[in-house]
Amino acid sequence: MSFNQPLLNAKKIVIKLGTQVVINGVGGSSGGASEGGFAVERLASLTRQCAELVAQDKEIILVSSGAVGLGRQALNLKGPLSLNDKQACAAVGQNLLMESYRNLFQQAGLITAQVLLTATDFADRKHYLNLRQTLEALLKFRAIPIINENDTTSTMELQEESYTKGFGDNDMLSALVASKLDADLLVILTNVDGIYTDNPFTNPNAQRISRIESFQDFQKIDASGQSLLGRGGMSSKLEAARMAALSGVHTLITSGVVSQPLSALLTPQAEATGTLVLPQASLSGKKRWIGMASGYHGAIVVNAGARKALVENQASLLAIGVVGVQGDFFAQQVVRIQDEAGAEIGRGLTHFSSDEVERIKGLQSDKIADRLGFDTEGKIFEREEIVHRDNLVIFEEYGI
């Protein structure tokens, strides 16, 4: 299969625009005072290409960064920003960002729709299903959803050290959107035309990796220590591509600062650049939501025996293997499953609340009913598993 073929065949396409693409002259990943304004000329080219794709009956969803940078410029703020300052910048910048997109897409004959998300929208299944239905309706009306994390209320993208209940960054958000909308293709536009063996800005001998075909390829890149991972956000882009691959989604990581960033999606004759990540095993819809919901509601800590049963024997999680509970959660919420060293094994949909798990941890399954007693309707608790195997995603099974 040629490099371009999966791109040309894609029907539903999620396009993620990095800050370096959206804003002129970005001074760095932290958003320094050298940031310029909205890159009108560059984004005008992108919107025209999006209009061409829509004319071909493609469905386009944008995930856009840049709100904080635009808000910072509008407020004329210099130097380091506090978390509250960043949230204020996001509130101002979102309005400016959407106004700019609205004007550009209007010139291309398309209508835009703003969609601001928090991790709860994915962690809560009812919210997730409502979100999916809304986005599907927008696509049916040939509108362009423009998605971003709601930084005015959710702080996870703005706190570099905190990645527990939020998306972490818009790369991961775009992968979640692509996976949960059953997209065919995720395009991550940045200031580099793909994944390299080393930093191409400092090493002229760095080679671009044109295709990543397996999870083993991911592991080789991670182990090299000489690639762009950790520099300029390439690590998060690779993780986003890995997440998309698990959902059966192709990912193209390429430059968005060129004049025709989507040319490879439009014509077979276009010279394809970037790194194409091929899809791997595809999780079912429910397991995709469980395993890749960026938000979760707490953690269940298991002992070595339970870890072995979960990872090697494809077992359900039983109370006897639980040694601890972290955070607060209710029954039917997504929780992390982690070992005593703190490593995350997987995620699951728990049958019990955090208080109930705390009370039954370490017990044999036939002792659970006695410990918990009767519910308000006088019925004995019938569930023996804390997390049933059908509601459990163990990461090692999928190479995550």
# chains A, B, ... in the order shown; residues from 1 in each chain; ligands from 1

call {"tool": "residues_around", "arguments": {"residues": "Asp57 of chain A", "least_positions_apart": "6", "cutoff": "10 Å", "atoms": "only C-alpha atoms", "output": "MDAnalysis selection string"}}
result
chainID A and resid 11:12 51 142

call {"tool": "residues_around", "arguments": {"residues": "segment 15-23 of chain A", "least_positions_apart": "3", "cutoff": "8 Å", "atoms": "only C-alpha atoms", "output": "ChimeraX atom specification"}}
result
/A:26,35-39,42-43,60-66,69-70,170-171,174,186-191,256-257

call {"tool": "closest_residue", "arguments": {"among": "A:Ile394, A:Leu110, A:Gly348, A:Arg125", "to": "Val335 of chain A", "atoms": "only C-alpha atoms"}}
result
A:Gly348

call {"tool": "select_by_dssp", "arguments": {"residues": "segment 27-213 of chain A", "states": "strand (DSSP E)", "output": "ChimeraX atom specification"}}
result
/A:59-64,112-117,144-149,185-190,195-196,208-209,211-212

call {"tool": "select_by_dssp", "arguments": {"residues": "segment 28-88 of chain A", "states": "alpha helix (DSSP H)", "output": "number ranges by chain"}}
result
A: 40-55, 67-75, 83-88

call {"tool": "write_last_selection", "arguments": {"atoms": "C-alpha atoms", "output": "PDB file, in the first residue's frame"}}
result
ATOM      1  CA  VAL A  40      -3.992  34.053   9.266  1.00  0.00           C
ATOM      2  CA  GLU A  41      -2.240  33.287   5.978  1.00  0.00           C
ATOM      3  CA  ARG A  42      -1.164  29.812   7.084  1.00  0.00           C
ATOM      4  CA  LEU A  43      -4.593  28.926   8.482  1.00  0.00           C
ATOM      5  CA  ALA A  44      -6.359  30.353   5.426  1.00  0.00           C
ATOM      6  CA  SER A  45      -4.561  27.747   3.327  1.00  0.00           C
ATOM      7  CA  LEU A  46      -5.583  25.047   5.783  1.00  0.00           C
ATOM      8  CA  THR A  47      -9.248  26.074   5.784  1.00  0.00           C
ATOM      9  CA  ARG A  48      -9.331  26.103   1.974  1.00  0.00           C
ATOM     10  CA  GLN A  49      -7.993  22.565   1.965  1.00  0.00           C
ATOM     11  CA  CYS A  50     -10.548  21.546   4.572  1.00  0.00           C
ATOM     12  CA  ALA A  51     -13.259  22.936   2.295  1.00  0.00           C
ATOM     13  CA  GLU A  52     -11.886  20.809  -0.564  1.00  0.00           C
ATOM     14  CA  LEU A  53     -12.060  17.738   1.652  1.00  0.00           C
ATOM     15  CA  VAL A  54     -15.649  18.514   2.672  1.00  0.00           C
ATOM     16  CA  ALA A  55     -16.517  18.912  -1.019  1.00  0.00           C
ATOM     17  CA  ALA A  67      -6.091  29.974  23.017  1.00  0.00           C
ATOM     18  CA  VAL A  68      -3.708  30.753  25.886  1.00  0.00           C
ATOM     19  CA  GLY A  69      -1.152  32.336  23.541  1.00  0.00           C
ATOM     20  CA  LEU A  70      -3.746  34.542  21.851  1.00  0.00           C
ATOM     21  CA  GLY A  71      -5.205  35.574  25.193  1.00  0.00           C
ATOM     22  CA  ARG A  72      -1.769  36.392  26.551  1.00  0.00           C
ATOM     23  CA  GLN A  73      -1.056  38.640  23.595  1.00  0.00           C
ATOM     24  CA  ALA A  74      -4.444  40.382  23.870  1.00  0.00           C
ATOM     25  CA  LEU A  75      -3.928  41.017  27.590  1.00  0.00           C
ATOM     26  CA  LEU A  83      -2.410  28.958  36.728  1.00  0.00           C
ATOM     27  CA  ASN A  84      -5.219  31.484  37.187  1.00  0.00           C
ATOM     28  CA  ASP A  85      -3.515  33.822  34.708  1.00  0.00           C
ATOM     29  CA  LYS A  86      -3.414  30.998  32.140  1.00  0.00           C
ATOM     30  CA  GLN A  87      -7.096  30.285  32.700  1.00  0.00           C
ATOM     31  CA  ALA A  88      -7.892  33.964  32.177  1.00  0.00           C
TER      32      ALA A  88
END

call {"tool": "residues_around", "arguments": {"residues": "Ala245 of chain A", "least_positions_apart": "5", "cutoff": "7 Å", "atoms": "only C-alpha atoms", "output": "list in words"}}
result
His250, Leu278, Pro279 and Gln280 of chain A

call {"tool": "residues_around", "arguments": {"residues": "Asp193 of chain A", "least_positions_apart": "4", "cutoff": "6 Å", "atoms": "only C-alpha atoms", "output": "PDB file with N, CA and C atoms, in the first residue's frame"}}
result
ATOM      1  N   THR A 254       2.908  15.417  10.733  1.00  0.00           N
ATOM      2  CA  THR A 254       3.602  16.141   9.666  1.00  0.00           C
ATOM      3  C   THR A 254       3.583  17.635   9.946  1.00  0.00           C
ATOM      4  N   SER A 255       4.202  18.391   9.051  1.00  0.00           N
ATOM      5  CA  SER A 255       4.330  19.832   9.240  1.00  0.00           C
ATOM      6  C   SER A 255       3.037  20.568   8.902  1.00  0.00           C
ATOM      7  N   GLY A 274       6.108  13.310   6.240  1.00  0.00           N
ATOM      8  CA  GLY A 274       5.620  13.049   7.585  1.00  0.00           C
ATOM      9  C   GLY A 274       5.881  11.616   7.997  1.00  0.00           C
TER      10      GLY A 274
END

call {"tool": "residues_around", "arguments": {"residues": "Gln332 of chain A", "least_positions_apart": "3", "cutoff": "8 Å", "atoms": "only C-alpha atoms", "output": "tab-separated table (two decimals) with C-alpha atoms, in the first residue's frame"}}
result
chain	number	residue	atom	x	y	z
A	349	LEU	CA	-15.37	-0.25	35.30
A	350	THR	CA	-15.83	-1.02	38.97
A	351	HIS	CA	-18.90	-2.76	40.43
A	352	PHE	CA	-18.33	-1.15	43.83

call {"tool": "closest_residue", "arguments": {"among": "A:Ala270, A:Ser263, A:Val357, A:Gly248", "to": "Val302 of chain A", "atoms": "only C-alpha atoms"}}
result
A:Val357

call {"tool": "closest_residue", "arguments": {"among": "A:Ser353, A:Gln133, A:Gln326, A:Gln269", "to": "Gln338 of chain A", "atoms": "only C-alpha atoms"}}
result
A:Gln326

call {"tool": "atom_distance", "arguments": {"atom1": "atom CA of Asp339 of chain A", "atom2": "atom CA of Ala304 of chain A"}}
result
7.1 Å

call {"tool": "residues_around", "arguments": {"residues": "segment 295-301 of chain A", "least_positions_apart": "5", "cutoff": "10 Å", "atoms": "only C-alpha atoms", "output": "ChimeraX atom specification"}}
result
/A:118-124,163-168,290,306-307,317,321-330,333-345,347-350,354,357-358,361,386

call {"tool": "closest_residue", "arguments": {"among": "A:Ile146, A:Thr134, A:Leu252, A:Gly194", "to": "Ala206 of chain A", "atoms": "only C-alpha atoms"}}
result
A:Gly194
